[in-house]
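Structure file target-v1.txt; described as compact mmCIF, C-alpha atoms.
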# COMPACT_ATOMS: atom_id res chain seq x y z
CA MET A 20 33.80 -199.74 -129.27
CA ALA A 21 33.79 -202.80 -127.03
CA GLU A 22 36.20 -205.62 -127.69
CA THR A 23 33.73 -208.15 -126.32
CA TYR A 24 30.67 -208.99 -128.37
CA PHE A 25 28.06 -211.67 -128.02
CA SER A 26 29.59 -215.02 -128.99
CA GLU A 27 28.63 -216.64 -132.28
CA LYS A 28 26.33 -219.02 -130.43
CA GLN A 29 24.72 -216.12 -128.57
CA LEU A 30 24.29 -214.16 -131.81
CA SER A 31 22.69 -217.22 -133.40
CA THR A 32 20.32 -217.56 -130.45
CA PHE A 33 19.44 -213.85 -130.46
CA CYS A 34 18.90 -213.65 -134.23
CA GLY A 35 17.00 -216.94 -134.43
CA SER A 36 14.68 -216.01 -131.57
CA LEU A 37 14.10 -212.56 -133.03
CA ALA A 38 13.39 -214.04 -136.47
CA MET A 39 10.71 -216.31 -134.99
CA MET A 40 9.06 -213.41 -133.21
CA LEU A 41 9.14 -211.13 -136.27
CA HIS A 42 7.76 -213.89 -138.52
CA SER A 43 4.95 -214.29 -135.96
CA GLY A 44 4.00 -210.63 -136.21
CA VAL A 45 5.62 -209.36 -133.02
CA SER A 46 6.96 -205.82 -133.42
CA ILE A 47 10.67 -205.22 -133.00
CA GLN A 48 10.09 -203.11 -129.90
CA GLU A 49 7.81 -205.70 -128.32
CA ALA A 50 10.45 -208.35 -129.06
CA MET A 51 13.04 -206.27 -127.18
CA ARG A 52 10.62 -205.97 -124.26
CA LEU A 53 10.15 -209.74 -124.22
CA PHE A 54 13.92 -210.29 -124.24
CA ALA A 55 14.35 -207.67 -121.49
CA LYS A 56 11.75 -209.32 -119.29
CA GLU A 57 13.10 -212.78 -120.09
CA GLU A 58 9.61 -213.87 -121.01
CA ILE A 59 11.18 -215.86 -123.81
CA GLY A 60 13.64 -217.73 -121.63
CA VAL A 61 12.94 -220.89 -123.61
CA TYR A 62 14.91 -219.36 -126.50
CA ALA A 63 17.87 -218.18 -124.45
CA GLU A 64 20.79 -220.43 -123.71
CA LYS A 65 20.94 -222.09 -120.33
CA ASN A 66 23.62 -219.55 -119.50
CA GLU A 67 22.80 -217.03 -116.80
CA LYS A 68 25.55 -214.62 -117.90
CA PHE A 69 24.12 -214.53 -121.43
CA SER A 70 20.59 -214.17 -120.07
CA SER A 71 21.56 -211.16 -117.95
CA GLU A 72 23.55 -209.60 -120.84
CA LEU A 73 20.64 -210.18 -123.17
CA ARG A 74 18.20 -208.56 -120.74
CA ARG A 75 20.51 -205.54 -120.37
CA VAL A 76 21.05 -205.17 -124.12
CA ALA A 77 17.36 -205.62 -124.93
CA ALA A 78 16.32 -203.06 -122.31
CA SER A 79 18.80 -200.57 -123.76
CA MET A 80 17.56 -201.24 -127.28
CA ASP A 81 13.93 -200.95 -126.18
CA GLN A 82 14.65 -197.49 -124.74
CA ALA A 83 16.46 -196.39 -127.90
CA LEU A 84 13.61 -197.64 -130.08
CA ALA A 85 11.10 -195.80 -127.88
CA CYS A 86 13.12 -192.61 -128.49
CA GLY A 87 12.77 -193.07 -132.23
CA GLU A 88 16.07 -194.67 -133.13
CA ASN A 89 16.15 -197.45 -135.67
CA PHE A 90 17.02 -201.03 -134.79
CA ALA A 91 20.56 -200.97 -136.21
CA GLU A 92 21.47 -197.80 -134.34
CA ALA A 93 19.95 -199.14 -131.13
CA ALA A 94 22.03 -202.30 -131.53
CA LYS A 95 25.19 -200.32 -132.27
CA GLU A 96 24.81 -198.31 -129.06
CA THR A 97 25.01 -201.50 -126.99
CA SER A 98 28.53 -202.28 -128.34
CA MET A 99 27.65 -206.00 -128.25
CA PHE A 100 27.26 -206.66 -131.98
CA PRO A 101 30.09 -207.02 -134.52
CA GLU A 102 30.23 -204.51 -137.39
CA TYR A 103 29.19 -207.13 -139.96
CA THR A 104 26.01 -207.84 -138.01
CA LEU A 105 25.24 -204.13 -137.69
CA GLU A 106 25.66 -203.67 -141.45
CA VAL A 107 23.23 -206.54 -142.09
CA PHE A 108 20.78 -204.95 -139.63
CA ARG A 109 21.03 -201.61 -141.51
CA ALA A 110 20.51 -203.16 -144.93
CA ALA A 111 17.64 -205.33 -143.70
CA GLU A 112 15.85 -202.36 -142.19
CA LEU A 113 16.17 -200.36 -145.38
CA SER A 114 14.79 -203.23 -147.42
CA GLY A 115 12.03 -204.09 -144.93
CA ARG A 116 13.35 -207.65 -144.57
CA LEU A 117 14.61 -207.68 -140.99
CA ASP A 118 12.82 -210.96 -140.26
CA ASP A 119 14.51 -212.77 -143.14
CA ALA A 120 17.89 -211.22 -142.33
CA MET A 121 17.63 -212.41 -138.73
CA GLU A 122 16.92 -215.92 -139.93
CA HIS A 123 19.93 -215.85 -142.24
CA LEU A 124 22.19 -214.38 -139.53
CA ALA A 125 21.11 -217.13 -137.14
CA GLY A 126 22.25 -219.72 -139.66
CA TYR A 127 25.45 -217.82 -140.42
CA TYR A 128 26.45 -217.67 -136.75
CA ASP A 129 25.31 -221.22 -136.06
Let's see the structure in the file written out as structure tokens.
Amino acid sequence: MAETYFSEKQLSTFCGSLAMMLHSGVSIQEAMRLFAKEEIGVYAEKNEKFSSELRRVAASMDQALACGENFAEAAKETSMFPEYTLEVFRAAELSGRLDDAMEHLAGYYD
């Protein structure tokens, strides 16, 4: 497992942006595609390193989702999310409340 994860600010940005998209009816896979293509650059920090990491992570997650993996497992494979965050992802998927969980995680990391 990686020793370097997204920072708290980056996690807040990721989760908050994802929450907005999910609340708007965007599918989780389409959200990953938007992150990967940086079509949502307005939500990303003005930090090129984070933007490139986010694109890489989102592209990896998009591929995993396309292969039938769930969101939490796709996130785990990137080694960029802390265990607590992954556990919240798992629970949120099981309950069908990923959008709400993302909103809460954004606030938690903010």
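The spacing separating atom CA of A:Ser31 from atom CA of A:Gly126 amounts to 6.8 Å.
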Item checked: One-decimal distance in Å that lies between atom CA of A:Gln48 and atom CA of A:Asp118 ->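 The value is 13.3 Å.
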Next item on the list: Using all atoms listed in the file, find the one residue out of A:Glu27, A:Leu53, A:Cys34, A:Glu112 that sits nearest to A:Leu124.
Entry: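 The shortest atom-to-atom distance to A:Leu124 comes from A:Cys34.
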Checklist line | Nearest to A:Tyr128, chosen from A:Thr104, A:Ser98, A:Ser46, A:Ser36, with all atoms listed in the file counted in the distances | finding: A:Thr104
Residues of stretch 67-120 of chain A that have any atom at most 12 Å from an atom of stretch 39-42 of chain A: could you tabulate them with the shortest-distance atom pair and the distance in Å to one decimal, using all atoms listed in the file, ordered by chain and increasing number, as a Markdown table?
| residue | atom | partner | partner_atom | distance |
| --- | --- | --- | --- | --- |
| A:Gly115 | CA | A:Leu41 | CA | 11.5 |
| A:Arg116 | CA | A:Leu41 | CA | 9.9 |
| A:Leu117 | CA | A:Leu41 | CA | 8.0 |
| A:Asp118 | CA | A:Leu41 | CA | 5.4 |
| A:Asp119 | CA | A:His42 | CA | 8.3 |
| A:Ala120 | CA | A:Leu41 | CA | 10.6 |
